[in-house]
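**Q** Sharing a structure here in structure tokens format.
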Amino acid sequence: MSDATANGIADTAATRKPRRDIGINKRYAAERRFKAYGIIAIAIGLLFLVALLWSIFSKGYTAFWQTEIRVPITFSEQVLGTPQQANESQTKLLMANYPKLAREGLIKELGIDPDDKKAVSAASGLISSGTRVTLRNIVMNDLSVIGTTQDVWLYASSELDSAMKGQYDLSVPENRRPISDLQLQYIDKLKAAGNLEQRFNTGLFTFGASSRAETAGVGVAIIGSLYMMLIVLALALPIGVAASIYLEEFAPKNKFTDLIEVNINNLAAVPSIVFGLLGLAVFINWFHLPRSAPLVGGLVLTLMTLPTIIIATRAALRAVPPSIRWAALGLGASKNQTIFHHVLPLAAPGILTGTIIGLAQALGETAPLLLIGMVAFVADYPATPMEPATALPVQIYMWANEAERAFVERTSGAIIILLGFLAIMNVTAIFLRRRFERRW
Amino acid sequence: MMENLQASFNKGPSVDSSKPIKMKTKDVTVHYGQKQALNGITLNIPENQVTALIGPSGCGKSTYLRCLNRMNDTIDSAKVAGEILLDGEDVYDPDIDVVELRARVGMVFQKPNPFPKSIYDNVAYGPKIHGLAHSKQELDEVVHTSLRRAGLYKEVHDRLDEPGTGLSGGQQQRLCIARAIAVSPEVILMDEPCSALDPIATATVEELIDELRENYTIVIVTHSMQQAARVSQLTAMFHLGDLAEVGPTEKMFSNPGDKRTQDYITGRFG
Ligand SMILES: Nc1ncnc2c1ncn2[C@@H]1O[C@H](COP(=O)(O)OP(=O)(O)OP(=O)(O)O)[C@@H](O)[C@H]1O
Ligand SMILES: [Mg+2]
């Protein structure tokens with residue numbers, strides 16, 4: 001007995017009718033074609049992405065290294081005054097001629113005659129004038145160094161740094177490059193003695209604005225951006241979610257709420273610079289909040305982010321199946337209980353995604369911040385959100401306008417840092433979504 | 001002519017008069033926007049009885065059921081008119097809060113809709129929000145009894161903390177019934193509770209309905225004539241938004257008074 005007849009039905013294969021042509025091949029061909037288009041589209045997208053990342057990383061990774069020179073520094077009492085004097089008054093210490101200490105140390109190291117003006121100036125061109133701060137901090141932290149000689153790693157000048165990173169063409173005639181033959185000799189000498197190294201550039205993360213590339217960093221910008229993100233999160237999330245819940249669940253459906261809805265959707269499409277003008281007019285000119293302050297920046301970005309969050313939250317609320325609401329309402333839960341016990345938890349992943357997208361947008365926003373004066377030269381950390389600061393994208397914008405080679409790499413470096421923060425935010429979003437999302 | 005006959009039949013003594021009336025609707029009409037879905041339904045629902053609503057699809061059974069606990073309020077386009085009384089009190093009376101009404105008139109929906117929470121939390125939710133249990137033990141007690149009464153306890157007693165949405169369709173429906181009776185309502189409305197169930201689960205639910213009748217008043221929508229015959233004492237036949245006929249179930253099935261009922265239960269349309 002074959003299987004076909006096991007249940008009493010005769011095998012009809014032998015008598016099967018000829019197949020109808022219902023266009024199967026054409027349908028599959030269409031499917032294959034569409035798949036091919038999709039793959040091509042993704043490939044093109046990936047290509048652009050790789051090109052973008054490559055151009056940024058290849059230019060920017062060097063910014064995370066900084067050439068430093070080890071110099072034996074004699075903290076002479078002649079220049080600094082005695083520790084007793086320093087204890088009485090710090091003015092002398094603050095005003096002391098630190099570059100002289102650095103210069104003398106380097107001259108001694110290289111064995112240059114102090115009277116050879118040309119050689120001395122060539123040598124001192126190798127160290128950054130930012131060493132003033134480095135040396136001052138050492139002395140101020142520990143007065144006992146006065147009168148001793150210590151090996152100190154000093155920042156190299158940006159010309160030396162760029163030369164070390166191969167950013168200058170050294171084969172052109174001497175007068176057409178920023179680094180002289182004499183300096184190249186010194187560099188070789190320092191390198192041979194192990195006194196010249198590329199070290200990890202922590203300053204890029206901690207310094208504020210500076211006109212010298214080697215002491216310029218995104219520290220102030222990071223703090224400014226952080227303050228603004230906190231303000232945006234603290235304001236936009238509760239306001240946005242509350243507004244969405246009201247509009248979606250409580251508001252009567254009439255012309256007026258329709259108007260509000262249309263306006264919110266339009267607001268999401270308003271160019272960000274308009275929000276900057278609004279911030280300038282309202283927060284600075286009217287409320288007299290300080291210019292360049294992260295507080296104002298945060299408020300402007302909050303306005304900008306609100307529509308995004310509201311739209312995302314409303315979509316997330318609407319996506320909660322109505323049967324869940326009925327279940328709760330049918331049990332006698334009040335509207336509020338239904339929303340807060342059932343609807344909101346189910347909408348949370350969507351709300352989170354929308355919020356993070358909004359925050360990421362705000363983090364990368366530049367134009368409105370330019371208008372409220374955040375494009376400023378701020379060297380000191382802001383202690384409160386009321387003090388001047390810049391933001392990461394603004395810092396990138398400012399550095400991109402500098403001509404110096406060392407700033408070009410720093411621009412890309414800052415972009416990498418910004419992308420890093422965005423990546424962290426997205427990973428956080430995914431992580432949070434996983435935690436909130438209950439797929440049951 | 002026909003209308004008159006109809007009206008007199010409705011107002012007649014066909015409703016089981018030995019039981020007091022739990023819910024009463026007078027001339028209830030419902031509009032969805034411009035479209036009228038119910039054209040003046042007058043019906044008495046006796047206490048501790050099972051009332052079955054039958055009729056072809058789209059005739060307004062679910063709509064009528066939703067009137068009884070004001071679930072139509074949640075549909076923006078729905079406009080309800082007429083009188084709906086629970087123990088003689090108008091459910092739209094400002095004295096009766098809709099939350100309180102729904103705690104007294106529970107509902108089981110056509111499609112099982114457990115919360116995406118644990119089995120335990122599903123059943124415990126109602127008692128929790130109404131403050132019906134004062135301690136963990138009391139709450140446990142309520143949850144266990146409700147599950148037992150819904151005939152689900154044996155199957156799930158060792159996994160109460162697992163998601164309710166992970167149960168099979170029939171188990172989910174019984175979970176929803178357990179959830180509804182955990183609040184100890186006075187009336188339970190069931191909208192085709194067995195439409196997704198296999199015959200065995202259906203039998204369990206029907207038994208349950210029969211038991212529940214002792215303590216609760218039950219209104220059930222069903223498409224199965226057999227089910228209506230098995231579980232209900234009173235049957236109301238809806239047709240295109242009208243109440244075609246209402247009477248004791250036995251009489252309805254043995255000797256229908258209305259042509260439409262006759263056609264419907266013999267399967268000539270619907
Ligand atoms: N939310 C709604 N919005 C608009 N019209 C509706 C809505 N719900 C029901 N209706 C309409 O009201 C009428 C009655 O619907 P109802 O759901 O009460 O029928 P039913 O008797 O329960 O049918 P079924 O047996 O198929 O469930 C139908 O014509 C339907 O199209
Ligand atoms: Mg229905």
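Quick note on naming: the chains in the structure tokens go A, B, ... in the order shown, residues restart at 1 in each chain, and ligands are numbered from 1 in order of appearance.
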Applying 12 Å and only C-alpha atoms, which residues near segment 202-204 of chain B remain after dropping the ones on its own chain fewer than 6 positions away? List them as a PDB file with C-alpha atoms, in the first residue's frame.
**A**
```
ATOM      1  CA  ARG B 148     -10.030  28.064  40.344  1.00  0.00           C
ATOM      2  CA  ARG B 149     -13.512  29.268  39.482  1.00  0.00           C
ATOM      3  CA  ALA B 150     -12.427  30.033  35.937  1.00  0.00           C
ATOM      4  CA  GLY B 151     -11.151  26.455  35.698  1.00  0.00           C
ATOM      5  CA  LEU B 152      -7.600  27.587  35.059  1.00  0.00           C
ATOM      6  CA  GLY B 169      -5.944  31.286  23.400  1.00  0.00           C
ATOM      7  CA  GLY B 170      -8.421  29.301  25.474  1.00  0.00           C
ATOM      8  CA  GLN B 171      -6.362  29.669  28.633  1.00  0.00           C
ATOM      9  CA  GLN B 173      -9.843  33.686  27.707  1.00  0.00           C
ATOM     10  CA  ARG B 174     -10.319  31.868  31.004  1.00  0.00           C
ATOM     11  CA  ILE B 177     -12.804  35.546  32.993  1.00  0.00           C
ATOM     12  CA  GLU B 192     -18.604  35.755  22.444  1.00  0.00           C
ATOM     13  CA  PRO B 193     -16.264  34.380  25.105  1.00  0.00           C
ATOM     14  CA  CYS B 194     -15.928  31.023  23.372  1.00  0.00           C
ATOM     15  CA  SER B 195     -15.369  32.134  19.807  1.00  0.00           C
ATOM     16  CA  ALA B 196     -11.673  31.279  20.046  1.00  0.00           C
ATOM     17  CA  ASP B 210     -23.689  27.939  34.805  1.00  0.00           C
ATOM     18  CA  GLU B 211     -21.983  28.032  38.190  1.00  0.00           C
ATOM     19  CA  THR B 222     -23.025  34.114  21.247  1.00  0.00           C
ATOM     20  CA  SER B 224     -23.804  29.374  18.698  1.00  0.00           C
ATOM     21  CA  GLN B 226     -26.446  25.350  20.949  1.00  0.00           C
ATOM     22  CA  GLN B 227     -24.506  27.424  23.404  1.00  0.00           C
ATOM     23  CA  ARG B 230     -27.252  25.180  26.878  1.00  0.00           C
ATOM     24  CA  VAL B 231     -26.354  28.083  29.146  1.00  0.00           C
TER      25      VAL B 231
END
```
**Q** Hey, which residues come within 10 Å of ligand 2 if we count only C-alpha atoms and all ligand atoms? Could you give them as a PyMOL selection string?
**A** chain B and resi 55-66+109-110+191-192+221-223
**Q** Export C-alpha atoms of the chosen residues as a PDB file, in the first residue's frame?
**A**
```
ATOM      1  CA  GLY B  55     -28.529  37.537  16.019  1.00  0.00           C
ATOM      2  CA  PRO B  56     -26.683  37.876  12.731  1.00  0.00           C
ATOM      3  CA  SER B  57     -23.354  39.605  12.519  1.00  0.00           C
ATOM      4  CA  GLY B  58     -23.478  43.395  12.672  1.00  0.00           C
ATOM      5  CA  CYS B  59     -26.931  43.546  14.231  1.00  0.00           C
ATOM      6  CA  GLY B  60     -25.703  45.416  17.306  1.00  0.00           C
ATOM      7  CA  LYS B  61     -25.222  42.773  20.002  1.00  0.00           C
ATOM      8  CA  SER B  62     -21.768  44.002  21.019  1.00  0.00           C
ATOM      9  CA  THR B  63     -22.991  47.564  20.833  1.00  0.00           C
ATOM     10  CA  TYR B  64     -25.839  46.755  23.205  1.00  0.00           C
ATOM     11  CA  LEU B  65     -23.511  44.917  25.570  1.00  0.00           C
ATOM     12  CA  ARG B  66     -21.187  47.893  25.686  1.00  0.00           C
ATOM     13  CA  PHE B 109     -14.152  40.594  25.548  1.00  0.00           C
ATOM     14  CA  GLN B 110     -14.505  38.658  22.348  1.00  0.00           C
ATOM     15  CA  ASP B 191     -18.944  39.063  24.251  1.00  0.00           C
ATOM     16  CA  GLU B 192     -18.604  35.755  22.444  1.00  0.00           C
ATOM     17  CA  VAL B 221     -23.333  37.265  23.268  1.00  0.00           C
ATOM     18  CA  THR B 222     -23.025  34.114  21.247  1.00  0.00           C
ATOM     19  CA  HIS B 223     -23.185  32.940  17.665  1.00  0.00           C
TER      20      HIS B 223
END
```
**Q** Determine, for each residue of chain A having at least one atom at most 8 Å from an atom of chain B, the closest pair of atoms and their separation in Å to one decimal, counting only C-alpha atoms; order by chain and ascending number, as a Markdown table.
**A**
```
| residue | atom | partner | partner_atom | distance |
| --- | --- | --- | --- | --- |
| A:Ser323 | CA | B:Asn113 | CA | 6.0 |
| A:Ile324 | CA | B:Asn113 | CA | 6.3 |
| A:Trp326 | CA | B:Met71 | CA | 7.8 |
| A:Ala327 | CA | B:Asn113 | CA | 6.5 |
| A:Leu329 | CA | B:Arg102 | CA | 7.6 |
| A:Gly330 | CA | B:Met107 | CA | 5.7 |
| A:Leu331 | CA | B:Ala103 | CA | 5.9 |
| A:Gly332 | CA | B:Arg102 | CA | 4.6 |
| A:Ala333 | CA | B:Val99 | CA | 6.4 |
| A:Ser334 | CA | B:Val99 | CA | 5.9 |
| A:His342 | CA | B:Phe115 | CA | 7.7 |
| A:Arg438 | CA | B:Pro116 | CA | 7.6 |
| A:Trp440 | CA | B:Thr165 | CA | 5.6 |
```
**Q** Please report the interatomic distance between atom CA of Thr355 of chain A and atom CA of Thr257 of chain A in Å with one decimal.
**A** 22.9 Å
**Q** Would you mind listing what lies within 12 Å of Ala213 of chain A as number ranges by chain, with only C-alpha atoms counted and same-chain residues fewer than 5 positions away left out?
**A** A: 63, 66-67, 128-130, 155-162, 201, 203-204, 207-208, 218, 399, 402-411
**Q** Grab the residues selected above and save them as a short mmCIF file (atom, residue, chain, number, x, y, z; two decimals), in the first residue's frame with N, CA, C and O atoms.
**A**
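File produced: part-v4.cif:
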```cif
data_model
loop_
_atom_site.label_atom_id
_atom_site.label_comp_id
_atom_site.auth_asym_id
_atom_site.auth_seq_id
_atom_site.Cartn_x
_atom_site.Cartn_y
_atom_site.Cartn_z
N ALA A 63 44.95 63.37 16.13
CA ALA A 63 44.68 64.41 17.13
C ALA A 63 44.73 63.83 18.53
O ALA A 63 44.90 64.57 19.51
N GLN A 66 49.91 63.57 20.95
CA GLN A 66 50.53 64.88 21.02
C GLN A 66 52.02 64.67 21.26
O GLN A 66 52.42 63.88 22.12
N THR A 67 52.84 65.35 20.47
CA THR A 67 54.28 65.23 20.64
C THR A 67 54.70 65.97 21.90
O THR A 67 54.28 67.11 22.13
N SER A 128 56.01 74.44 22.98
CA SER A 128 54.80 75.25 22.97
C SER A 128 54.90 76.33 24.03
O SER A 128 55.47 76.12 25.10
N SER A 129 54.35 77.49 23.75
CA SER A 129 54.33 78.50 24.80
C SER A 129 53.28 78.16 25.85
O SER A 129 53.16 78.80 26.86
N GLY A 130 52.54 77.11 25.58
CA GLY A 130 51.59 76.62 26.59
C GLY A 130 52.30 75.99 27.77
O GLY A 130 51.66 75.66 28.78
N TYR A 155 54.77 70.09 26.18
CA TYR A 155 54.15 70.02 24.86
C TYR A 155 55.09 70.60 23.82
O TYR A 155 55.68 71.67 24.03
N ALA A 156 55.21 69.88 22.71
CA ALA A 156 55.96 70.44 21.60
C ALA A 156 55.09 71.48 20.90
O ALA A 156 53.87 71.46 21.02
N SER A 157 55.71 72.38 20.18
CA SER A 157 54.94 73.37 19.44
C SER A 157 54.16 72.65 18.34
O SER A 157 54.48 71.53 17.95
N SER A 158 53.13 73.32 17.85
CA SER A 158 52.28 72.64 16.87
C SER A 158 53.06 72.37 15.58
O SER A 158 52.77 71.41 14.88
N GLU A 159 54.08 73.21 15.27
CA GLU A 159 54.88 72.96 14.05
C GLU A 159 55.65 71.65 14.19
O GLU A 159 55.65 70.81 13.27
N LEU A 160 56.27 71.47 15.36
CA LEU A 160 57.02 70.23 15.59
C LEU A 160 56.06 69.04 15.56
O LEU A 160 56.35 68.00 14.96
N ASP A 161 54.90 69.23 16.21
CA ASP A 161 53.91 68.16 16.27
C ASP A 161 53.49 67.75 14.86
O ASP A 161 53.47 66.57 14.51
N SER A 162 53.18 68.76 14.04
CA SER A 162 52.74 68.47 12.68
C SER A 162 53.87 67.80 11.89
O SER A 162 53.62 66.88 11.10
N ASN A 201 46.94 62.23 24.05
CA ASN A 201 46.64 63.65 24.21
C ASN A 201 45.44 63.84 25.15
O ASN A 201 44.32 64.05 24.71
N GLY A 203 44.98 66.32 26.93
CA GLY A 203 44.61 67.73 26.87
C GLY A 203 43.45 67.98 25.93
O GLY A 203 42.63 68.87 26.15
N LEU A 204 43.34 67.17 24.87
CA LEU A 204 42.25 67.35 23.91
C LEU A 204 40.90 67.27 24.62
O LEU A 204 39.94 67.94 24.25
N PHE A 207 41.26 70.52 27.96
CA PHE A 207 41.49 71.95 27.78
C PHE A 207 40.26 72.67 27.24
O PHE A 207 39.39 72.06 26.64
N GLY A 208 40.27 73.98 27.46
CA GLY A 208 39.24 74.81 26.85
C GLY A 208 39.78 75.42 25.57
O GLY A 208 40.70 74.87 24.94
N VAL A 218 38.50 70.17 23.89
CA VAL A 218 37.04 70.27 23.86
C VAL A 218 36.43 70.15 25.26
O VAL A 218 35.24 69.94 25.41
N TRP A 399 36.91 75.44 15.14
CA TRP A 399 38.21 74.89 14.73
C TRP A 399 38.30 74.72 13.22
O TRP A 399 39.36 74.85 12.64
N GLU A 402 39.94 77.51 11.50
CA GLU A 402 41.35 77.81 11.71
C GLU A 402 42.16 77.22 10.56
O GLU A 402 41.86 76.13 10.07
N ALA A 403 43.19 77.95 10.16
CA ALA A 403 43.96 77.51 9.00
C ALA A 403 45.06 76.52 9.37
O ALA A 403 45.46 75.69 8.57
N GLU A 404 45.54 76.60 10.60
CA GLU A 404 46.71 75.83 10.99
C GLU A 404 46.48 74.33 10.84
O GLU A 404 45.39 73.83 11.13
N ARG A 405 47.54 73.64 10.43
CA ARG A 405 47.46 72.21 10.18
C ARG A 405 47.00 71.45 11.43
O ARG A 405 46.20 70.52 11.37
N ALA A 406 47.51 71.88 12.58
CA ALA A 406 47.21 71.17 13.83
C ALA A 406 45.72 71.29 14.18
O ALA A 406 45.17 70.43 14.84
N PHE A 407 45.09 72.39 13.74
CA PHE A 407 43.67 72.53 14.03
C PHE A 407 42.82 71.67 13.11
O PHE A 407 41.72 71.26 13.47
N VAL A 408 43.34 71.41 11.92
CA VAL A 408 42.59 70.57 11.00
C VAL A 408 42.41 69.18 11.60
O VAL A 408 41.31 68.63 11.61
N GLU A 409 43.53 68.65 12.14
CA GLU A 409 43.40 67.31 12.72
C GLU A 409 42.53 67.36 13.97
O GLU A 409 41.79 66.44 14.26
N ARG A 410 42.61 68.45 14.72
CA ARG A 410 41.78 68.55 15.92
C ARG A 410 40.29 68.65 15.57
O ARG A 410 39.45 68.16 16.31
N THR A 411 40.00 69.31 14.45
CA THR A 411 38.60 69.37 14.01
C THR A 411 38.06 67.96 13.82
O THR A 411 37.00 67.61 14.34
#
```
**Q** If you run DSSP on this backbone, which residues of segment 31-239 of chain B come out as helix (DSSP H, G or I), and could you give them as a ChimeraX atom specification?
**A** /B:61-68,71-74,98-104,119-129,136-149,153-156,164-166,169-181,199-212,225-231
**Q** Do you know which residues are at most 10 Å from segment 239-244 of chain B counting only C-alpha atoms, after dropping those on the same chain fewer than 6 positions away, and could you put them as a PyMOL selection string?
**A** chain B and resi 3+6-7+9-10+29-30+36-43+53-61+63-64+257-261+264+270
**Q** Quote the spacing between atom CA of Asp73 of chain B and atom CA of Tyr216 of chain B in Å to one decimal place.
**A**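 One can read the atom CA of Asp73 of chain B to atom CA of Tyr216 of chain B distance as 23.9 Å.
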**Q** So, with only C-alpha atoms as the atoms that count, which of A:Ile245, A:Trp65, A:Ser272, A:Pro290 lies closest to Thr313 of chain A?
**A**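 Looking only at the distances to Thr313 of chain A, the closest residue turns out to be A:Ile245.
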**Q** Just list the residues in segment 16-170 of chain B DSSP gives strand (DSSP E) on the backbone, as a count of residues only.
**A** 44
**Q** For Val152 of chain A, work out the shell of residues within 9 Å, counting only C-alpha atoms and skipping chain neighbours fewer than 2 positions away, then give it as a list in words.
**A**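 So, after excluding close chain neighbours, the residues are Ile69, Arg70, Val71, Pro72, Ile73, Leu135, Gln150 and Leu154 of chain A.
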**Q** For all heavy atoms, I'd like the residues from the last selection saved as a PDB file, in the first residue's frame.
**A**
```
ATOM      1  N   ILE A  69      58.141  66.753  24.662  1.00  0.00           N
ATOM      2  CA  ILE A  69      59.602  66.735  24.794  1.00  0.00           C
ATOM      3  C   ILE A  69      59.953  66.647  26.271  1.00  0.00           C
ATOM      4  O   ILE A  69      59.386  67.375  27.094  1.00  0.00           O
ATOM      5  CB  ILE A  69      60.229  68.032  24.229  1.00  0.00           C
ATOM      6  CG1 ILE A  69      59.729  68.266  22.797  1.00  0.00           C
ATOM      7  CG2 ILE A  69      61.733  67.986  24.287  1.00  0.00           C
ATOM      8  CD1 ILE A  69      60.174  69.603  22.237  1.00  0.00           C
ATOM      9  N   ARG A  70      60.883  65.739  26.574  1.00  0.00           N
ATOM     10  CA  ARG A  70      61.314  65.667  27.969  1.00  0.00           C
ATOM     11  C   ARG A  70      62.473  66.646  28.177  1.00  0.00           C
ATOM     12  O   ARG A  70      63.496  66.558  27.512  1.00  0.00           O
ATOM     13  CB  ARG A  70      61.753  64.258  28.331  1.00  0.00           C
ATOM     14  CG  ARG A  70      62.137  64.147  29.799  1.00  0.00           C
ATOM     15  CD  ARG A  70      62.166  62.727  30.261  1.00  0.00           C
ATOM     16  NE  ARG A  70      63.060  61.919  29.431  1.00  0.00           N
ATOM     17  CZ  ARG A  70      63.051  60.589  29.449  1.00  0.00           C
ATOM     18  NH1 ARG A  70      62.217  59.943  30.239  1.00  0.00           N
ATOM     19  NH2 ARG A  70      63.881  59.910  28.678  1.00  0.00           N
ATOM     20  N   VAL A  71      62.284  67.545  29.090  1.00  0.00           N
ATOM     21  CA  VAL A  71      63.283  68.592  29.318  1.00  0.00           C
ATOM     22  C   VAL A  71      63.609  68.627  30.810  1.00  0.00           C
ATOM     23  O   VAL A  71      62.698  68.601  31.640  1.00  0.00           O
ATOM     24  CB  VAL A  71      62.724  69.972  28.894  1.00  0.00           C
ATOM     25  CG1 VAL A  71      63.763  71.052  29.098  1.00  0.00           C
ATOM     26  CG2 VAL A  71      62.262  69.931  27.457  1.00  0.00           C
ATOM     27  N   PRO A  72      64.890  68.656  31.154  1.00  0.00           N
ATOM     28  CA  PRO A  72      65.255  68.823  32.571  1.00  0.00           C
ATOM     29  C   PRO A  72      65.078  70.282  32.957  1.00  0.00           C
ATOM     30  O   PRO A  72      65.781  71.148  32.428  1.00  0.00           O
ATOM     31  CB  PRO A  72      66.716  68.386  32.624  1.00  0.00           C
ATOM     32  CG  PRO A  72      67.225  68.515  31.239  1.00  0.00           C
ATOM     33  CD  PRO A  72      66.071  68.524  30.290  1.00  0.00           C
ATOM     34  N   ILE A  73      64.123  70.555  33.832  1.00  0.00           N
ATOM     35  CA  ILE A  73      63.820  71.934  34.199  1.00  0.00           C
ATOM     36  C   ILE A  73      64.441  72.242  35.550  1.00  0.00           C
ATOM     37  O   ILE A  73      64.249  71.500  36.516  1.00  0.00           O
ATOM     38  CB  ILE A  73      62.306  72.156  34.308  1.00  0.00           C
ATOM     39  CG1 ILE A  73      61.607  71.815  32.990  1.00  0.00           C
ATOM     40  CG2 ILE A  73      61.995  73.588  34.727  1.00  0.00           C
ATOM     41  CD1 ILE A  73      61.744  72.841  31.922  1.00  0.00           C
ATOM     42  N   LEU A 135      54.156  74.280  33.595  1.00  0.00           N
ATOM     43  CA  LEU A 135      55.171  74.483  34.641  1.00  0.00           C
ATOM     44  C   LEU A 135      54.571  75.179  35.850  1.00  0.00           C
ATOM     45  O   LEU A 135      54.871  74.842  36.997  1.00  0.00           O
ATOM     46  CB  LEU A 135      56.342  75.297  34.080  1.00  0.00           C
ATOM     47  CG  LEU A 135      57.176  74.548  33.030  1.00  0.00           C
ATOM     48  CD1 LEU A 135      58.283  75.430  32.487  1.00  0.00           C
ATOM     49  CD2 LEU A 135      57.754  73.276  33.630  1.00  0.00           C
ATOM     50  N   GLN A 150      64.053  68.926  37.642  1.00  0.00           N
ATOM     51  CA  GLN A 150      63.168  67.791  37.397  1.00  0.00           C
ATOM     52  C   GLN A 150      63.032  67.577  35.900  1.00  0.00           C
ATOM     53  O   GLN A 150      63.050  68.524  35.126  1.00  0.00           O
ATOM     54  CB  GLN A 150      61.762  68.092  37.934  1.00  0.00           C
ATOM     55  CG  GLN A 150      61.721  68.663  39.311  1.00  0.00           C
ATOM     56  CD  GLN A 150      61.336  67.614  40.326  1.00  0.00           C
ATOM     57  OE1 GLN A 150      60.734  66.613  39.962  1.00  0.00           O
ATOM     58  NE2 GLN A 150      61.698  67.827  41.577  1.00  0.00           N
ATOM     59  N   LEU A 154      57.158  68.332  28.244  1.00  0.00           N
ATOM     60  CA  LEU A 154      56.513  69.571  27.803  1.00  0.00           C
ATOM     61  C   LEU A 154      55.877  69.365  26.432  1.00  0.00           C
ATOM     62  O   LEU A 154      56.380  68.576  25.621  1.00  0.00           O
ATOM     63  CB  LEU A 154      57.554  70.682  27.702  1.00  0.00           C
ATOM     64  CG  LEU A 154      58.211  71.111  29.012  1.00  0.00           C
ATOM     65  CD1 LEU A 154      59.262  72.170  28.720  1.00  0.00           C
ATOM     66  CD2 LEU A 154      57.180  71.655  29.991  1.00  0.00           C
TER      67      LEU A 154
END
```
**Q** Quick one: of B:Met190, B:Val246, B:Val123, B:Leu85, who's nearest to ligand 1, counting only C-alpha atoms and all ligand atoms?
**A**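 Checking each of B:Met190, B:Val246, B:Val123, B:Leu85 against ligand 1, counting only C-alpha atoms and all ligand atoms, the winner is B:Met190.
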